[in-house]
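Undergrad: Next comes model-v6.txt, compact mmCIF, C-alpha atoms:
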```
# COMPACT_ATOMS: atom_id res chain seq x y z
CA MET A 1 -27.27 18.62 45.89
CA LYS A 2 -23.48 18.79 45.81
CA ALA A 3 -22.02 18.43 42.31
CA ARG A 4 -19.73 15.47 41.65
CA ILE A 5 -16.13 16.47 41.08
CA TYR A 6 -14.15 13.97 39.01
CA ASP A 7 -10.43 13.43 39.33
CA ALA A 8 -10.30 14.03 35.58
CA ALA A 9 -12.40 14.59 32.49
CA VAL A 10 -11.01 13.41 29.17
CA ILE A 11 -12.21 15.40 26.16
CA GLY A 12 -12.27 13.08 23.17
CA ALA A 13 -12.82 9.32 23.05
CA GLY A 14 -10.48 8.58 20.18
CA ALA A 15 -7.30 6.51 20.40
CA SER A 16 -5.43 8.76 22.84
CA GLY A 17 -8.52 9.64 24.88
CA LEU A 18 -9.55 6.02 25.37
CA MET A 19 -6.00 5.12 26.40
CA THR A 20 -5.84 8.04 28.83
CA ALA A 21 -9.12 7.15 30.51
CA ILE A 22 -8.23 3.46 30.80
CA CYS A 23 -4.82 4.13 32.31
CA ALA A 24 -6.24 6.68 34.77
CA ALA A 25 -9.10 4.40 35.83
CA ARG A 26 -6.77 1.43 36.32
CA ARG A 27 -4.86 3.56 38.79
CA GLY A 28 -8.02 4.24 40.73
CA ARG A 29 -8.77 7.68 39.33
CA ASP A 30 -12.38 8.82 39.04
CA VAL A 31 -12.53 9.76 35.36
CA ILE A 32 -15.20 10.63 32.80
CA LEU A 33 -14.96 10.50 28.99
CA LEU A 34 -16.66 13.18 26.89
CA GLU A 35 -17.05 12.51 23.15
CA HIS A 36 -18.89 14.83 20.73
CA MET A 37 -19.53 12.08 18.16
CA ASP A 38 -22.24 9.45 18.48
CA GLN A 39 -19.69 6.67 18.99
CA PRO A 40 -16.14 6.42 20.38
CA GLY A 41 -13.02 5.62 18.40
CA LYS A 42 -14.48 6.42 15.02
CA LYS A 43 -11.16 7.42 13.48
CA ILE A 44 -9.55 4.17 14.64
CA LEU A 45 -11.92 2.30 12.31
CA ALA A 46 -10.47 4.10 9.28
CA THR A 47 -6.79 3.50 10.05
CA GLY A 48 -4.68 1.19 7.92
CA ASN A 49 -7.44 0.95 5.30
CA GLY A 50 -9.65 -0.59 7.95
CA LYS A 51 -6.96 -3.04 9.12
CA CYS A 52 -5.40 -0.76 11.79
CA ASN A 53 -1.61 -0.78 11.70
CA TYR A 54 -1.54 0.07 15.41
CA THR A 55 2.22 0.33 16.01
CA ASN A 56 5.57 -0.30 14.36
CA ALA A 57 8.44 -2.49 15.55
CA ASP A 58 10.91 0.07 14.21
CA GLN A 59 10.45 3.19 16.30
CA ALA A 60 13.06 5.34 14.56
CA LEU A 61 12.85 8.97 15.64
CA ASP A 62 13.17 10.14 12.04
CA ALA A 63 9.68 8.71 11.43
CA TYR A 64 8.30 11.51 13.63
CA TYR A 65 7.95 15.23 12.98
CA CYS A 66 8.25 17.62 15.92
CA GLU A 67 9.97 20.90 16.74
CA ASP A 68 11.87 19.03 19.46
CA ARG A 69 12.75 15.40 18.68
CA SER A 70 13.92 14.90 22.28
CA PHE A 71 10.29 15.37 23.34
CA ILE A 72 9.28 12.43 21.15
CA ARG A 73 12.14 10.34 22.53
CA THR A 74 11.14 11.04 26.13
CA VAL A 75 7.53 10.06 25.46
CA LEU A 76 8.33 6.84 23.57
CA GLU A 77 10.85 5.76 26.21
CA GLN A 78 7.99 5.66 28.70
CA PHE A 79 5.65 3.62 26.51
CA SER A 80 7.28 1.74 23.66
CA CYS A 81 6.06 -0.41 20.80
CA THR A 82 6.63 -3.43 23.03
CA ASP A 83 4.45 -1.87 25.72
CA ALA A 84 1.70 -1.19 23.17
CA ILE A 85 1.77 -4.78 21.93
CA ARG A 86 1.63 -6.10 25.52
CA PHE A 87 -1.20 -3.74 26.41
CA PHE A 88 -3.36 -4.98 23.54
CA GLU A 89 -2.40 -8.61 24.11
CA GLU A 90 -3.83 -8.25 27.61
CA LEU A 91 -7.05 -7.14 25.93
CA GLY A 92 -7.05 -10.19 23.64
CA ILE A 93 -5.41 -8.66 20.56
CA ARG A 94 -2.68 -10.90 19.16
CA PRO A 95 -0.14 -9.00 17.01
CA LEU A 96 0.48 -9.75 13.35
CA GLN A 97 3.68 -8.34 11.85
CA LYS A 98 3.61 -7.74 8.10
CA ASN A 99 4.85 -5.31 5.47
CA GLY A 100 8.20 -5.26 7.22
CA THR A 101 7.84 -3.87 10.73
CA CYS A 102 4.15 -2.90 10.74
CA ILE A 103 2.03 -4.41 13.52
CA TYR A 104 -1.67 -5.25 12.93
CA PRO A 105 -4.26 -7.11 14.98
CA GLU A 106 -4.34 -10.77 13.99
CA SER A 107 -7.90 -10.29 12.71
CA GLU A 108 -6.68 -7.48 10.43
CA GLN A 109 -9.76 -5.53 11.45
CA ALA A 110 -9.54 -2.04 12.90
CA SER A 111 -12.77 -2.72 14.76
CA SER A 112 -10.87 -5.24 16.90
CA ILE A 113 -8.72 -2.47 18.36
CA ARG A 114 -11.63 -0.10 18.89
CA ASN A 115 -13.79 -2.82 20.46
CA ALA A 116 -11.02 -3.93 22.79
CA LEU A 117 -10.62 -0.39 24.10
CA THR A 118 -14.34 0.28 24.52
CA ALA A 119 -14.81 -3.08 26.25
CA GLU A 120 -12.12 -2.10 28.75
CA VAL A 121 -13.81 1.26 29.30
CA LYS A 122 -17.00 -0.64 30.08
CA ARG A 123 -15.21 -3.11 32.38
CA LEU A 124 -13.69 -0.25 34.34
CA GLN A 125 -17.12 1.42 34.53
CA ILE A 126 -15.81 4.68 33.10
CA PRO A 127 -18.70 7.04 32.33
CA LEU A 128 -18.75 7.69 28.57
CA VAL A 129 -20.89 10.60 27.42
CA LEU A 130 -21.53 10.61 23.67
CA SER A 131 -22.70 13.63 21.65
CA ALA A 132 -21.40 15.66 24.58
CA ALA A 133 -20.95 18.93 22.66
CA VAL A 134 -18.43 20.68 24.91
CA GLN A 135 -18.99 24.42 24.67
CA SER A 136 -16.27 25.83 26.89
CA ILE A 137 -13.66 24.91 29.49
CA GLN A 138 -12.73 27.22 32.33
CA LYS A 139 -10.56 26.81 35.41
CA ASP A 140 -11.40 28.20 38.83
CA THR A 141 -7.88 28.78 40.11
CA ASP A 142 -9.08 29.51 43.65
CA LYS A 143 -10.86 26.15 43.96
CA ASN A 144 -8.46 24.41 41.54
CA ILE A 145 -11.42 23.00 39.61
CA PHE A 146 -12.17 22.89 35.88
CA LEU A 147 -15.71 23.65 34.72
CA ILE A 148 -16.59 21.98 31.43
CA GLN A 149 -19.79 23.37 29.98
CA THR A 150 -21.62 20.93 27.70
CA LYS A 151 -25.01 21.08 26.05
CA GLY A 152 -26.20 18.93 28.94
CA GLN A 153 -24.99 19.03 32.53
CA PRO A 154 -21.78 20.88 33.41
CA VAL A 155 -18.85 18.66 34.37
CA TYR A 156 -16.49 19.50 37.23
CA CYS A 157 -13.01 17.99 37.54
CA ARG A 158 -9.65 18.52 39.20
CA SER A 159 -7.75 17.65 36.01
CA CYS A 160 -8.70 17.98 32.37
CA VAL A 161 -7.20 16.07 29.44
CA LEU A 162 -7.51 17.48 25.94
CA ALA A 163 -7.44 14.49 23.58
CA ALA A 164 -9.79 15.98 21.01
CA GLY A 165 -7.63 15.27 17.95
CA GLY A 166 -6.73 17.70 15.19
CA MET A 167 -8.59 18.61 11.99
CA ALA A 168 -7.92 15.67 9.66
CA ALA A 169 -10.86 13.51 8.59
CA LYS A 170 -13.58 15.70 10.09
CA LYS A 171 -16.26 13.07 9.50
CA THR A 172 -14.59 10.95 12.17
CA GLY A 173 -14.80 13.75 14.74
CA SER A 174 -11.61 15.77 14.26
CA ASP A 175 -13.04 19.25 13.82
CA GLY A 176 -10.36 21.38 15.51
CA SER A 177 -12.47 22.10 18.59
CA GLY A 178 -9.60 21.02 20.84
CA TYR A 179 -7.59 24.01 19.65
CA ILE A 180 -10.40 26.32 20.79
CA TYR A 181 -10.36 24.80 24.28
CA ALA A 182 -6.56 25.02 24.44
CA LYS A 183 -6.71 28.71 23.50
CA GLN A 184 -9.40 29.32 26.12
CA LEU A 185 -6.95 28.00 28.69
CA GLY A 186 -4.06 30.21 27.54
CA HIS A 187 -2.18 28.05 25.02
CA THR A 188 -1.00 29.07 21.57
CA ILE A 189 -1.52 26.91 18.47
CA THR A 190 0.97 26.21 15.70
CA LYS A 191 -1.00 26.57 12.46
CA PRO A 192 -2.72 23.24 11.70
CA LEU A 193 -2.09 21.88 8.20
CA PRO A 194 -3.01 18.61 6.48
CA ALA A 195 -0.44 15.79 6.62
CA LEU A 196 -0.37 12.31 5.09
CA THR A 197 -2.25 13.74 2.15
CA ALA A 198 -2.02 13.92 -1.64
CA LEU A 199 -0.46 16.81 -3.56
CA THR A 200 -1.99 18.68 -6.47
CA ALA A 201 0.12 19.40 -9.53
CA ASP A 202 0.51 21.79 -12.42
CA TYR A 203 -0.19 19.63 -15.45
CA SER A 204 -0.44 22.53 -17.90
CA ARG A 205 2.87 21.64 -19.58
CA ARG A 206 3.34 17.94 -18.84
CA LYS A 207 0.60 15.67 -17.57
CA LEU A 208 1.16 12.24 -16.13
CA PRO A 209 -1.45 9.54 -16.84
CA ALA A 210 -4.21 9.34 -14.23
CA GLY A 211 -5.04 5.92 -12.85
CA VAL A 212 -1.50 4.55 -12.89
CA ARG A 213 -0.08 2.89 -9.78
CA THR A 214 3.62 2.09 -9.85
CA GLY A 215 6.64 1.88 -7.59
CA CYS A 216 9.13 4.73 -7.66
CA LEU A 217 11.62 6.80 -5.70
CA ALA A 218 10.17 10.26 -5.05
CA SER A 219 12.36 13.18 -4.07
CA LEU A 220 10.88 16.33 -2.56
CA LEU A 221 12.54 19.56 -3.70
CA ILE A 222 11.88 22.86 -1.97
CA ASP A 223 13.35 25.90 -3.68
CA THR A 224 15.32 23.40 -5.84
CA LYS A 225 16.96 21.74 -2.81
CA THR A 226 16.23 18.10 -1.98
CA LYS A 227 14.54 17.86 1.44
CA ALA A 228 13.27 14.28 1.52
CA ARG A 229 13.33 11.01 -0.38
CA GLU A 230 10.82 8.18 -0.12
CA ARG A 231 10.39 4.91 -1.96
CA GLY A 232 7.08 3.12 -2.40
CA GLU A 233 3.90 3.04 -4.45
CA LEU A 234 2.92 6.15 -6.38
CA GLN A 235 -0.67 6.80 -7.43
CA ILE A 236 -1.13 9.24 -10.30
CA THR A 237 -4.47 11.03 -10.24
CA ASP A 238 -6.23 13.55 -12.42
CA TYR A 239 -5.38 16.30 -9.91
CA GLY A 240 -1.80 15.31 -9.00
CA ILE A 241 0.19 12.66 -7.14
CA SER A 242 -0.79 10.45 -4.25
CA GLY A 243 0.10 7.15 -2.60
CA ILE A 244 2.20 6.30 0.42
CA VAL A 245 5.39 7.52 -1.24
CA ILE A 246 3.87 11.03 -1.41
CA PHE A 247 2.09 10.88 1.95
CA GLN A 248 5.35 10.26 3.78
CA PHE A 249 6.78 13.71 3.02
CA SER A 250 3.53 15.59 2.38
CA ARG A 251 3.82 17.36 5.77
CA THR A 252 7.05 19.03 4.66
CA ALA A 253 5.62 19.88 1.24
CA VAL A 254 2.42 21.36 2.68
CA ARG A 255 4.33 23.50 5.18
CA ALA A 256 6.56 24.83 2.38
CA LEU A 257 3.55 25.62 0.19
CA SER A 258 1.94 27.51 3.09
CA GLU A 259 5.09 29.64 3.17
CA ASN A 260 4.82 30.33 -0.59
CA ARG A 261 7.95 28.38 -1.41
CA GLN A 262 8.58 26.51 -4.66
CA VAL A 263 7.81 22.80 -4.37
CA GLN A 264 8.60 20.07 -6.87
CA VAL A 265 8.68 16.29 -6.76
CA SER A 266 11.17 14.31 -8.83
CA LEU A 267 9.93 10.83 -9.75
CA ASP A 268 12.43 8.07 -10.51
CA PHE A 269 10.56 5.14 -12.05
CA LYS A 270 13.63 2.87 -12.11
CA PRO A 271 15.47 3.60 -8.84
CA ASP A 272 17.45 0.33 -8.94
CA MET A 273 19.24 1.38 -12.11
CA SER A 274 21.69 4.24 -12.51
CA LYS A 275 21.37 6.51 -15.55
CA LYS A 276 24.37 4.77 -17.09
CA GLU A 277 22.92 1.32 -16.46
CA LEU A 278 19.51 2.35 -17.77
CA THR A 279 21.03 3.86 -20.92
CA ALA A 280 22.99 0.70 -21.67
CA TYR A 281 19.96 -1.48 -20.96
CA LEU A 282 17.64 0.49 -23.26
CA LYS A 283 20.16 0.49 -26.10
CA ASN A 284 20.49 -3.28 -25.88
CA ARG A 285 16.75 -3.72 -25.52
CA PHE A 286 15.89 -1.59 -28.55
CA LEU A 287 18.45 -3.35 -30.76
CA GLY A 288 17.48 -6.84 -29.63
CA ILE A 289 16.40 -9.32 -32.25
CA TYR A 290 12.84 -9.48 -30.91
CA THR A 291 12.48 -5.72 -30.39
CA ALA A 292 14.35 -3.81 -33.11
CA GLN A 293 11.46 -3.92 -35.59
CA LYS A 294 8.82 -2.97 -33.01
CA GLU A 295 7.42 0.51 -32.49
CA ALA A 296 8.84 2.39 -29.48
CA GLY A 297 5.69 1.94 -27.40
CA GLU A 298 5.78 -1.82 -28.00
CA GLY A 299 9.49 -1.84 -27.19
CA LEU A 300 8.79 -0.72 -23.64
CA ASN A 301 6.05 -3.29 -23.05
CA GLY A 302 6.51 -4.88 -19.63
CA PHE A 303 9.17 -2.38 -18.58
CA LEU A 304 6.79 0.39 -17.49
CA PRO A 305 2.99 0.60 -17.18
CA ASP A 306 1.59 1.07 -20.70
CA LYS A 307 -0.06 4.44 -20.02
CA LEU A 308 3.10 5.73 -18.37
CA SER A 309 5.29 4.52 -21.25
CA ALA A 310 3.16 6.46 -23.73
CA VAL A 311 3.46 9.68 -21.75
CA ILE A 312 7.20 9.35 -21.15
CA LEU A 313 7.81 8.69 -24.85
CA SER A 314 5.86 11.85 -25.65
CA GLN A 315 7.81 13.85 -23.07
CA SER A 316 11.02 12.55 -24.65
CA GLY A 317 9.98 13.72 -28.11
CA ILE A 318 9.61 10.18 -29.43
CA LEU A 319 6.70 9.27 -31.68
CA GLN A 320 4.89 6.09 -30.75
CA ASN A 321 5.41 4.60 -34.21
CA THR A 322 9.17 5.19 -34.28
CA ARG A 323 10.99 1.92 -34.78
CA CYS A 324 13.13 0.92 -31.81
CA ARG A 325 16.19 0.43 -34.04
CA ASP A 326 15.84 4.01 -35.30
CA LEU A 327 16.06 5.68 -31.88
CA ASP A 328 19.14 7.89 -31.72
CA GLU A 329 21.42 8.85 -28.80
CA THR A 330 19.54 12.07 -28.04
CA GLN A 331 16.16 10.33 -27.91
CA ILE A 332 17.46 7.59 -25.63
CA ARG A 333 19.13 10.18 -23.41
CA ASN A 334 15.83 12.09 -23.15
CA LEU A 335 13.99 8.84 -22.40
CA VAL A 336 16.40 8.07 -19.57
CA ARG A 337 15.96 11.58 -18.23
CA TYR A 338 12.18 11.34 -17.99
CA ILE A 339 12.31 7.85 -16.50
CA LYS A 340 14.87 8.82 -13.85
CA ASP A 341 13.88 12.43 -13.13
CA ASN A 342 10.30 13.19 -14.07
CA ARG A 343 9.58 16.56 -12.45
CA VAL A 344 6.16 17.48 -11.12
CA THR A 345 5.48 21.08 -10.07
CA VAL A 346 3.35 20.97 -6.92
CA THR A 347 0.70 23.68 -6.68
CA GLY A 348 -1.28 22.64 -3.61
CA TYR A 349 -2.54 19.77 -1.51
CA ARG A 350 -5.70 17.88 -0.62
CA ASP A 351 -7.42 19.45 2.37
CA PHE A 352 -8.27 18.10 5.82
CA ASP A 353 -11.19 16.05 4.50
CA PHE A 354 -8.67 13.86 2.66
CA ALA A 355 -5.73 14.02 5.10
CA GLN A 356 -5.00 11.25 7.58
CA VAL A 357 -3.41 13.40 10.29
CA THR A 358 -2.82 17.01 11.27
CA ALA A 359 0.52 18.79 11.41
CA GLY A 360 0.49 21.60 13.95
CA GLY A 361 -1.35 22.10 17.21
CA VAL A 362 -0.26 22.78 20.79
CA PRO A 363 3.54 23.32 20.78
CA VAL A 364 5.51 20.70 22.70
CA SER A 365 7.43 23.54 24.36
CA GLN A 366 4.24 24.18 26.38
CA ILE A 367 3.98 20.58 27.63
CA HIS A 368 6.01 18.50 30.13
CA PRO A 369 7.12 15.37 28.21
CA ARG A 370 7.29 13.16 31.30
CA THR A 371 3.71 13.88 32.36
CA MET A 372 1.98 15.48 29.32
CA GLU A 373 0.86 18.22 31.70
CA SER A 374 0.66 21.81 30.52
CA ARG A 375 3.52 24.07 31.56
CA LEU A 376 0.99 26.92 31.67
CA VAL A 377 -2.03 25.47 33.47
CA LYS A 378 -1.68 23.03 36.35
CA GLY A 379 -3.97 20.04 35.99
CA LEU A 380 -4.37 20.42 32.22
CA PHE A 381 -2.99 17.55 30.13
CA PHE A 382 -2.69 16.82 26.41
CA ALA A 383 -2.65 13.56 24.44
CA GLY A 384 -2.62 12.55 20.80
CA GLU A 385 -3.05 14.56 17.64
CA ILE A 386 -3.89 17.85 19.33
CA ILE A 387 -0.16 18.17 20.06
CA ASP A 388 2.17 19.53 17.38
CA ALA A 389 3.77 16.15 16.75
CA ASP A 390 2.92 13.75 13.93
CA ALA A 391 4.56 10.97 11.99
CA LYS A 392 4.81 9.00 8.78
CA CYS A 393 2.50 6.16 7.76
CA GLY A 394 3.16 2.82 9.40
CA GLY A 395 1.55 2.83 12.83
CA TYR A 396 3.66 5.67 14.19
CA ASN A 397 0.78 8.09 14.72
CA LEU A 398 -1.20 5.51 16.69
CA GLN A 399 1.90 4.68 18.74
CA TRP A 400 2.07 8.38 19.56
CA ALA A 401 -1.58 8.29 20.64
CA TRP A 402 -1.04 5.26 22.90
CA ALA A 403 2.16 6.62 24.44
CA SER A 404 0.94 10.16 25.10
CA GLY A 405 -2.38 8.82 26.40
CA TYR A 406 -0.65 6.34 28.69
CA ILE A 407 1.56 9.07 30.18
CA ALA A 408 -1.33 11.51 30.64
CA GLY A 409 -3.50 8.86 32.30
CA ARG A 410 -0.70 7.72 34.56
CA SER A 411 0.07 11.30 35.59
CA ILE A 412 -3.45 12.27 36.71
CA GLN A 413 -3.50 12.67 40.46
CA ALA A 414 -6.18 11.24 42.73
CA HIS A 415 -7.93 13.81 44.89
CA ASP A 416 -9.53 11.28 47.21
CA SER A 417 -7.12 9.86 49.77
CA ASN A 418 -9.12 6.62 49.78
CA SER A 419 -8.58 5.98 46.06
CA ALA A 420 -6.83 2.69 45.42
CA ASP A 421 -4.29 2.15 42.68
CA LYS A 422 -5.69 -0.65 40.54
CA SER A 423 -2.65 -0.90 38.27
CA THR A 424 -1.17 -4.34 37.59
CA SER A 425 1.65 -3.80 35.11
CA LYS A 426 3.32 -1.06 33.08
CA PRO A 427 1.29 -1.11 29.84
CA GLN A 428 -1.99 0.19 31.20
```
Show this structure as structure tokens.

TA:
Amino acid sequence: MKARIYDAAVIGAGASGLMTAICAARRGRDVILLEHMDQPGKKILATGNGKCNYTNADQALDAYYCEDRSFIRTVLEQFSCTDAIRFFEELGIRPLQKNGTCIYPESEQASSIRNALTAEVKRLQIPLVLSAAVQSIQKDTDKNIFLIQTKGQPVYCRSCVLAAGGMAAKKTGSDGSGYIYAKQLGHTITKPLPALTALTADYSRRKLPAGVRTGCLASLLIDTKTKARERGELQITDYGISGIVIFQFSRTAVRALSENRQVQVSLDFKPDMSKKELTAYLKNRFLGIYTAQKEAGEGLNGFLPDKLSAVILSQSGILQNTRCRDLDETQIRNLVRYIKDNRVTVTGYRDFDFAQVTAGGVPVSQIHPRTMESRLVKGLFFAGEIIDADAKCGGYNLQWAWASGYIAGRSIQAHDSNSADKSTSKPQ
């Protein structure tokens, strides 16, 4: 019996893989989805704390990390935030904009996005093989056919799309297997590292209080030079520093640590006040009629979280029971210093099990940005996190998945002259 040869096989039924398969099938391509987990889109369910911030109205290029920013621009020009919103609206997902420019499903449930995609896969009658366990991928260049060996039946296809994700959050399916397949087909891999992750700190000399959540301006210093600044919520843990303000530049910090460079984070707990303004404010506060007789810790009540106040007073050399009126110029100057520039020496980072995305992967220099096709192997395409391109929190990484998946799916060629193009509009 003659084996069925698909137009394309998509490896990975996550965000980018589902989008790729849908877009290819809508254009009449005969496509199959292979997923090694027991359900598709598992990582989607964990995004946005289960609410799924699926794109962002502000698609600034500086929100993305890539060796070639023009590659990102070319991809996003072909499938924008507006296209993503329209695509999901067609599937019944009404957008809800909140937290500035972040876009969520109106239900604020990540399952809504996953279910909309899997329902469309079902409507298009795309074969979805779960627990597929791909073992190897080879290409017969003479016949121009890919052979995908699974634990079950082998799969034959004219095109192959690697949308297998990276290494972050392994429990959702990202185990790095896509890199193995890419290497089998001749590609190199930029070292994968955790991104959107927490940083561990050296607390041997100065320890910040675990359990505190507070807003701040965080500055990332590499070899004493400022490389990034982010403002948002900080979470202080027993192992180091976390929260969105840290996640946003963690990629840069992790890469520097992997190169054995010195990494520090400066925390400014009152970014809206200059040092001069803060100094004047504290002097007036401590000499106020209702505060002068209070102990220093009581004098800061309501200005900083209690646990943080206690630590900063200690760092400043101020005893808790010192009367506010008795604080001298040097003590106030030290207090201002530790409020405005509290230095944390970073020693490491939380690994892939705790990271949200992967930095590294297949270099964009090996991929055509207008088609997502490999420059090395004809008929091989890439989509999503397997590519060495990632972004900050805020829906940018999912926008990358939708855009790269859309382009890959659109670019797959039909190998049956009778195939009909079922497309109806751009955001497919």

Undergrad: Which is closest to Tyr290 of chain A among A:Gln262, A:Thr237, A:Gly405, A:Cys324, if we use all atoms listed in the file?

TA: A:Cys324

Undergrad: Point out the residue among A:Ser242, A:Glu120, A:Leu185, A:Lys225 with the least atom-to-atom distance to Asp140 of chain A, counting all atoms listed in the file.

TA: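 Smallest distance to Asp140 of chain A is found for A:Leu185.
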
Undergrad: Between atom CA of Asp328 of chain A and atom CA of Pro209 of chain A, measure the distance and give it in Å to one decimal.

TA: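 Straight-line distance from atom CA of Asp328 of chain A to atom CA of Pro209 of chain A works out to 25.5 Å.
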
Undergrad: Using only C-alpha atoms, can you list as a list in words the residues within 7 Å of (5.6, 3.3, -32.6)?

TA: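 Within 7 Å of (5.6, 3.3, -32.6), the protein and nucleic acid residues are Glu295, Ala296, Gly297, Glu298, Leu319, Gln320, Asn321, Thr322 and Arg323 of chain A.
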
Undergrad: Excluding Thr371 of chain A and any residue of its chain fewer than 3 positions from it, enumerate the residues within 6 Å of it, using all atoms listed in the file, and give them as a list in words.

TA: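 Within the cut-off, the hits are His368, Ile407, Ala408 and Ser411 of chain A.
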
Undergrad: With all atoms listed in the file as the counted atoms, please give the residues lying no more than 12 Å from Asn301 of chain A, apart from itself and same-chain residues fewer than 6 positions off, as a list in words.

TA: Arg285, Phe286, Thr291, Lys294, Glu295, Lys307, Leu308, Ser309 and Ala310 of chain A

Undergrad: When you count only C-alpha atoms, which of these residues is closest to Ile126 of chain A: A:Cys66, A:Ile148, A:Leu327, A:Val10?

TA: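 Among the listed residues, A:Val10 lies closest to Ile126 of chain A.
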
Undergrad: Measuring between all atoms listed in the file, which one of A:Gly288, A:Pro192, A:Gly302, A:Gly48 shows the shortest distance to Asp175 of chain A?

TA: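 The shortest atom-to-atom distance to Asp175 of chain A comes from A:Pro192.
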
Undergrad: With a distance cut-off of 7 Å and only C-alpha atoms, select the neighbouring residues of segment 344-360 of chain A, excluding the residue or stretch itself and same-chain residues fewer than 3 positions from it, and output the selection as a ChimeraX atom specification.

TA: /A:166-170,190-202,251,254,257,263-266,385,388-390

Undergrad: Just how far from atom CA of Ala9 of chain A is atom CA of Ala110 of chain A, in Å to one decimal?

TA: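 Atom CA of Ala110 of chain A sits 25.9 Å away from atom CA of Ala9 of chain A.
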
Undergrad: Looking at all atoms listed in the file, which of A:Pro271, A:Gly299, A:Pro105, A:Gly409 is the one that sits closest to Ile32 of chain A?

TA: A:Gly409

Undergrad: Can you measure atom CA of Cys102 of chain A to atom CA of Asn397 of chain A for me? One decimal in Å is fine.

TA: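 Result for atom CA of Cys102 of chain A versus atom CA of Asn397 of chain A: 12.2 Å, one decimal.
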